[in-house]
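One structure is given below, encoded as structure tokens.
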Amino acid sequence: GFISITKSTARAGVPAIVIVRWKVLKPETYHFLDLLKMGMMYLDVLLNEDDNFTVNGLYIINDMRGFSLGFVKQLTPALCKKTIMVVQNAYPYRLKGLYFLYAPAVYEVFLNMFTPFFGEKLKSRFKVFREDATEQLYEYIPRGVFPEEYGGEAGPISKLN
């Protein structure tokens with residue numbers, strides 16, 4: 001699927017990792033708003049089924065490989081602002097980090113346009129990693145809890161979900 005969630009919250013103190021893989025999605029087939037709703041449903045399930053989730057928090061990782069500009073065309077300033085407000089204010093979780101991996105320079109500029117809407121806490125936890133800088137991710141997330149597909153040591157995504 002396009003969203004993978006590690007079950008690492010079973011161990012006390014270890015945040016969940018939500019990985020959004022954009023390369024499997026086509027804007028002709030999926031509208032950004034529908035994908036956003038689906039992501040919120042995943043968070044609802046985590047809140048209802050995992051008692052450690054609210055305490056341990058989560059990292060949201062966006063794998064930008066294959067991200068289409070067709071999704072950018074679907075965004076409006078109002079939708080972007082509402083999305084940011086939901087992510088940082090509406091859910092009772094601890095967002096440990098909002099990271100974008102394999103981001104081409106043009107996407108980095110685009111993503112940074114939204115930081116004025118961020119609260120101070122989210123600004124400090126928002127990072128964009130260019131295609132040649134993804135190893136820096138391990139300064140923020142321990143390699144031991146990250147999936148193999150992203151250079152981690154926690155096993156394949158298929159076993160972590």
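Residues in the structure tokens are named by chain (A, B, ... in the order shown) and by number from 1 within that chain; ligands are numbered from 1 in the order shown.
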task = Write out as a ChimeraX atom specification the residues lying within 12 Å of Phe2 of chain A, counting only C-alpha atoms and excluding same-chain residues fewer than 5 positions away.
result = /A:18-26,30,35-36,38-39,42,61-64,66-67,157
Those same residues - N, CA and C atoms - I'd like them written as a PDB file, in the first residue's frame.
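Okay, this is what ended up in result.pdb:
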```pdb
ATOM      1  N   VAL A  18       5.265   6.116  10.357  1.00  0.00           N
ATOM      2  CA  VAL A  18       4.302   6.082   9.259  1.00  0.00           C
ATOM      3  C   VAL A  18       5.061   6.494   8.006  1.00  0.00           C
ATOM      4  N   ILE A  19       5.087   5.608   7.007  1.00  0.00           N
ATOM      5  CA  ILE A  19       5.800   5.897   5.761  1.00  0.00           C
ATOM      6  C   ILE A  19       4.777   6.021   4.644  1.00  0.00           C
ATOM      7  N   VAL A  20       4.785   7.175   3.984  1.00  0.00           N
ATOM      8  CA  VAL A  20       3.896   7.420   2.848  1.00  0.00           C
ATOM      9  C   VAL A  20       4.748   7.305   1.587  1.00  0.00           C
ATOM     10  N   ARG A  21       4.412   6.317   0.751  1.00  0.00           N
ATOM     11  CA  ARG A  21       5.187   6.073  -0.474  1.00  0.00           C
ATOM     12  C   ARG A  21       4.396   6.581  -1.674  1.00  0.00           C
ATOM     13  N   TRP A  22       4.797   7.742  -2.164  1.00  0.00           N
ATOM     14  CA  TRP A  22       4.060   8.421  -3.223  1.00  0.00           C
ATOM     15  C   TRP A  22       4.219   7.754  -4.590  1.00  0.00           C
ATOM     16  N   LYS A  23       5.261   6.963  -4.790  1.00  0.00           N
ATOM     17  CA  LYS A  23       5.505   6.394  -6.118  1.00  0.00           C
ATOM     18  C   LYS A  23       4.416   5.415  -6.558  1.00  0.00           C
ATOM     19  N   VAL A  24       3.645   4.889  -5.620  1.00  0.00           N
ATOM     20  CA  VAL A  24       2.595   3.934  -5.994  1.00  0.00           C
ATOM     21  C   VAL A  24       1.274   4.624  -6.318  1.00  0.00           C
ATOM     22  N   LEU A  25       1.253   5.949  -6.262  1.00  0.00           N
ATOM     23  CA  LEU A  25       0.009   6.696  -6.479  1.00  0.00           C
ATOM     24  C   LEU A  25       0.082   7.549  -7.736  1.00  0.00           C
ATOM     25  N   LYS A  26      -1.034   7.631  -8.429  1.00  0.00           N
ATOM     26  CA  LYS A  26      -1.132   8.459  -9.624  1.00  0.00           C
ATOM     27  C   LYS A  26      -2.236   9.499  -9.408  1.00  0.00           C
ATOM     28  N   TYR A  30      -6.108   9.083  -7.979  1.00  0.00           N
ATOM     29  CA  TYR A  30      -6.377   9.446  -6.588  1.00  0.00           C
ATOM     30  C   TYR A  30      -6.330  10.955  -6.416  1.00  0.00           C
ATOM     31  N   LEU A  35      -6.677  10.903  -0.281  1.00  0.00           N
ATOM     32  CA  LEU A  35      -5.497  10.313   0.358  1.00  0.00           C
ATOM     33  C   LEU A  35      -5.306  10.868   1.762  1.00  0.00           C
ATOM     34  N   LEU A  36      -5.591  12.140   1.919  1.00  0.00           N
ATOM     35  CA  LEU A  36      -5.508  12.753   3.241  1.00  0.00           C
ATOM     36  C   LEU A  36      -6.528  12.125   4.195  1.00  0.00           C
ATOM     37  N   MET A  38      -7.736   9.146   4.004  1.00  0.00           N
ATOM     38  CA  MET A  38      -7.270   7.793   4.310  1.00  0.00           C
ATOM     39  C   MET A  38      -6.172   7.832   5.378  1.00  0.00           C
ATOM     40  N   GLY A  39      -5.268   8.783   5.272  1.00  0.00           N
ATOM     41  CA  GLY A  39      -4.220   8.927   6.274  1.00  0.00           C
ATOM     42  C   GLY A  39      -4.787   9.218   7.652  1.00  0.00           C
ATOM     43  N   TYR A  42      -6.086   6.045   9.160  1.00  0.00           N
ATOM     44  CA  TYR A  42      -4.998   5.254   9.744  1.00  0.00           C
ATOM     45  C   TYR A  42      -4.669   5.757  11.145  1.00  0.00           C
ATOM     46  N   ILE A  61       6.989   9.914   7.663  1.00  0.00           N
ATOM     47  CA  ILE A  61       8.015   9.953   6.623  1.00  0.00           C
ATOM     48  C   ILE A  61       7.314   9.956   5.265  1.00  0.00           C
ATOM     49  N   ASN A  62       7.602  10.940   4.440  1.00  0.00           N
ATOM     50  CA  ASN A  62       7.080  10.993   3.077  1.00  0.00           C
ATOM     51  C   ASN A  62       8.212  10.654   2.122  1.00  0.00           C
ATOM     52  N   ASP A  63       8.103   9.519   1.453  1.00  0.00           N
ATOM     53  CA  ASP A  63       9.084   9.115   0.449  1.00  0.00           C
ATOM     54  C   ASP A  63       8.666   9.786  -0.857  1.00  0.00           C
ATOM     55  N   MET A  64       9.412  10.802  -1.266  1.00  0.00           N
ATOM     56  CA  MET A  64       9.024  11.634  -2.405  1.00  0.00           C
ATOM     57  C   MET A  64       9.429  11.054  -3.755  1.00  0.00           C
ATOM     58  N   GLY A  66       9.007   9.456  -7.041  1.00  0.00           N
ATOM     59  CA  GLY A  66       7.823   9.231  -7.861  1.00  0.00           C
ATOM     60  C   GLY A  66       6.666  10.172  -7.564  1.00  0.00           C
ATOM     61  N   PHE A  67       6.850  11.153  -6.685  1.00  0.00           N
ATOM     62  CA  PHE A  67       5.789  12.119  -6.403  1.00  0.00           C
ATOM     63  C   PHE A  67       5.510  12.927  -7.664  1.00  0.00           C
ATOM     64  N   ILE A 157       9.424  -3.960   5.617  1.00  0.00           N
ATOM     65  CA  ILE A 157       8.143  -3.295   5.901  1.00  0.00           C
ATOM     66  C   ILE A 157       7.023  -4.317   6.016  1.00  0.00           C
TER      67      ILE A 157
END
```
request  = Go through A:Tyr91, A:Gly57, A:Lys96, A:Pro27 one by one, measure the shortest atom-to-atom distance of each to Ile141 of chain A using only C-alpha atoms, and give the residue with the smallest value.
outcome  = A:Lys96
request  = Could you give me, as a ChimeraX atom specification, the residues within 10 Å of Thr134 of chain A, counting only C-alpha atoms and dropping anything in the same chain fewer than 5 positions from it?
outcome  = /A:100-103,128-129,150-151
key: Shortest interatomic distance to Glu108 of chain A - which of A:Glu131, A:Val86, A:Tyr93, A:Leu58, counting only C-alpha atoms   =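 Closest residue, counting only C-alpha atoms: A:Glu131.
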key: Proximity to Leu98 of chain A - best of A:Ile60, A:Cys80, A:His31, A:Phe110, only C-alpha atoms   =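 Closest residue, counting only C-alpha atoms: A:Ile60.
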query = Can you list, as a ChimeraX atom specification, every protein, DNA or RNA residue that comes within 12 Å of segment 152-155 of chain A when you count only C-alpha atoms, leaving out same-chain residues fewer than 3 positions away?
reply = /A:6-8,17,134-135,137-138,141-149,158-161
request  = Skip Met40 of chain A itself and residues of its chain fewer than 6 positions away, then list as a PyMOL selection string all residues within 12 Å of it, counting only C-alpha atoms.
outcome  = chain A and resi 3+18+33-34+46-47+83+86-87+90-91
ask   = Mind checking DSSP for chain A and telling me the helix (DSSP H, G or I) residues as a VMD selection string?
value = chain A and resid 8 to 10 22 to 24 32 to 49 53 to 56 69 to 73 77 to 90 105 to 112 115 to 117 120 to 125 134 to 139 143 to 145 148 to 150 157 to 160
Restricted to C-alpha atoms, what would the selected residues look like written as a PDB file, in the first residue's frame?
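Written output follows (selection.pdb):
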```pdb
ATOM      1  CA  SER A   8       7.279  -0.630  16.892  1.00  0.00           C
ATOM      2  CA  THR A   9       5.060   0.960  19.546  1.00  0.00           C
ATOM      3  CA  ALA A  10       4.674  -2.482  21.125  1.00  0.00           C
ATOM      4  CA  TRP A  22       4.060   8.421  -3.223  1.00  0.00           C
ATOM      5  CA  LYS A  23       5.505   6.394  -6.118  1.00  0.00           C
ATOM      6  CA  VAL A  24       2.595   3.934  -5.994  1.00  0.00           C
ATOM      7  CA  PHE A  32      -5.057  14.378  -2.668  1.00  0.00           C
ATOM      8  CA  LEU A  33      -8.044  15.040  -0.394  1.00  0.00           C
ATOM      9  CA  ASP A  34      -9.059  11.356  -0.508  1.00  0.00           C
ATOM     10  CA  LEU A  35      -5.497  10.313   0.358  1.00  0.00           C
ATOM     11  CA  LEU A  36      -5.508  12.753   3.241  1.00  0.00           C
ATOM     12  CA  LYS A  37      -8.767  11.270   4.540  1.00  0.00           C
ATOM     13  CA  MET A  38      -7.270   7.793   4.310  1.00  0.00           C
ATOM     14  CA  GLY A  39      -4.220   8.927   6.274  1.00  0.00           C
ATOM     15  CA  MET A  40      -6.463  10.345   8.991  1.00  0.00           C
ATOM     16  CA  MET A  41      -8.324   7.027   9.147  1.00  0.00           C
ATOM     17  CA  TYR A  42      -4.998   5.254   9.744  1.00  0.00           C
ATOM     18  CA  LEU A  43      -4.315   7.637  12.624  1.00  0.00           C
ATOM     19  CA  ASP A  44      -7.800   6.977  14.030  1.00  0.00           C
ATOM     20  CA  VAL A  45      -7.108   3.232  14.001  1.00  0.00           C
ATOM     21  CA  LEU A  46      -3.767   3.728  15.759  1.00  0.00           C
ATOM     22  CA  LEU A  47      -5.414   5.908  18.404  1.00  0.00           C
ATOM     23  CA  ASN A  48      -8.137   3.325  19.043  1.00  0.00           C
ATOM     24  CA  GLU A  49      -6.085   0.129  18.901  1.00  0.00           C
ATOM     25  CA  PHE A  53       0.644   5.292  20.385  1.00  0.00           C
ATOM     26  CA  THR A  54      -0.377   8.484  22.212  1.00  0.00           C
ATOM     27  CA  VAL A  55       2.458   8.161  24.693  1.00  0.00           C
ATOM     28  CA  ASN A  56       5.251   7.131  22.320  1.00  0.00           C
ATOM     29  CA  LEU A  69       3.307  17.431  -9.774  1.00  0.00           C
ATOM     30  CA  GLY A  70      -0.263  16.375 -10.554  1.00  0.00           C
ATOM     31  CA  PHE A  71      -0.851  16.236  -6.793  1.00  0.00           C
ATOM     32  CA  VAL A  72       0.465  19.785  -6.402  1.00  0.00           C
ATOM     33  CA  LYS A  73      -2.172  20.969  -8.875  1.00  0.00           C
ATOM     34  CA  PRO A  77      -3.890  27.259   0.065  1.00  0.00           C
ATOM     35  CA  ALA A  78      -6.967  26.586   2.220  1.00  0.00           C
ATOM     36  CA  LEU A  79      -6.511  22.791   1.984  1.00  0.00           C
ATOM     37  CA  CYS A  80      -2.816  23.090   2.864  1.00  0.00           C
ATOM     38  CA  LYS A  81      -3.539  25.274   5.877  1.00  0.00           C
ATOM     39  CA  LYS A  82      -6.302  22.929   7.112  1.00  0.00           C
ATOM     40  CA  THR A  83      -4.044  19.900   6.663  1.00  0.00           C
ATOM     41  CA  ILE A  84      -1.305  21.528   8.707  1.00  0.00           C
ATOM     42  CA  MET A  85      -3.776  22.510  11.426  1.00  0.00           C
ATOM     43  CA  VAL A  86      -5.069  18.924  11.651  1.00  0.00           C
ATOM     44  CA  VAL A  87      -1.571  17.425  11.776  1.00  0.00           C
ATOM     45  CA  GLN A  88      -0.316  19.721  14.501  1.00  0.00           C
ATOM     46  CA  ASN A  89      -3.456  20.452  16.564  1.00  0.00           C
ATOM     47  CA  ALA A  90      -6.355  18.040  16.045  1.00  0.00           C
ATOM     48  CA  ALA A 105      15.312  20.649  -4.958  1.00  0.00           C
ATOM     49  CA  VAL A 106      12.087  21.950  -6.518  1.00  0.00           C
ATOM     50  CA  TYR A 107       9.992  20.057  -3.959  1.00  0.00           C
ATOM     51  CA  GLU A 108      12.152  21.336  -1.128  1.00  0.00           C
ATOM     52  CA  VAL A 109      11.334  24.921  -2.150  1.00  0.00           C
ATOM     53  CA  PHE A 110       7.641  24.038  -2.480  1.00  0.00           C
ATOM     54  CA  LEU A 111       7.475  22.297   0.918  1.00  0.00           C
ATOM     55  CA  ASN A 112       9.252  25.130   2.688  1.00  0.00           C
ATOM     56  CA  THR A 115       6.473  26.466   7.169  1.00  0.00           C
ATOM     57  CA  PRO A 116       4.939  29.869   8.040  1.00  0.00           C
ATOM     58  CA  PHE A 117       1.751  27.957   8.971  1.00  0.00           C
ATOM     59  CA  GLU A 120       7.331  26.413  16.619  1.00  0.00           C
ATOM     60  CA  LYS A 121       7.354  22.765  17.675  1.00  0.00           C
ATOM     61  CA  LEU A 122       6.449  21.507  14.194  1.00  0.00           C
ATOM     62  CA  LYS A 123       9.013  23.832  12.585  1.00  0.00           C
ATOM     63  CA  SER A 124      11.713  22.244  14.689  1.00  0.00           C
ATOM     64  CA  ARG A 125      10.552  18.735  13.700  1.00  0.00           C
ATOM     65  CA  THR A 134      18.919  10.604   3.197  1.00  0.00           C
ATOM     66  CA  GLU A 135      21.609   9.135   5.472  1.00  0.00           C
ATOM     67  CA  GLN A 136      21.127  12.207   7.669  1.00  0.00           C
ATOM     68  CA  LEU A 137      17.742  10.775   8.641  1.00  0.00           C
ATOM     69  CA  TYR A 138      19.465   8.511  11.165  1.00  0.00           C
ATOM     70  CA  GLU A 139      20.438  11.570  13.174  1.00  0.00           C
ATOM     71  CA  ARG A 143      18.492   3.038  12.468  1.00  0.00           C
ATOM     72  CA  GLY A 144      17.374   0.112  14.642  1.00  0.00           C
ATOM     73  CA  VAL A 145      13.663   1.008  14.408  1.00  0.00           C
ATOM     74  CA  GLU A 148      15.262  -2.386   5.843  1.00  0.00           C
ATOM     75  CA  GLU A 149      13.946  -0.765   2.649  1.00  0.00           C
ATOM     76  CA  TYR A 150      15.206   2.545   3.988  1.00  0.00           C
ATOM     77  CA  ILE A 157       8.143  -3.295   5.901  1.00  0.00           C
ATOM     78  CA  SER A 158       5.970  -6.334   5.177  1.00  0.00           C
ATOM     79  CA  LYS A 159       6.873  -7.791   8.591  1.00  0.00           C
ATOM     80  CA  LEU A 160       6.628  -4.504  10.483  1.00  0.00           C
TER      81      LEU A 160
END
```
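Distances here use only C-alpha atoms; by that measure, the residue among A:Phe114, A:Pro156, A:Phe126, A:Gln74 closest to Tyr59 of chain A is A:Phe126.
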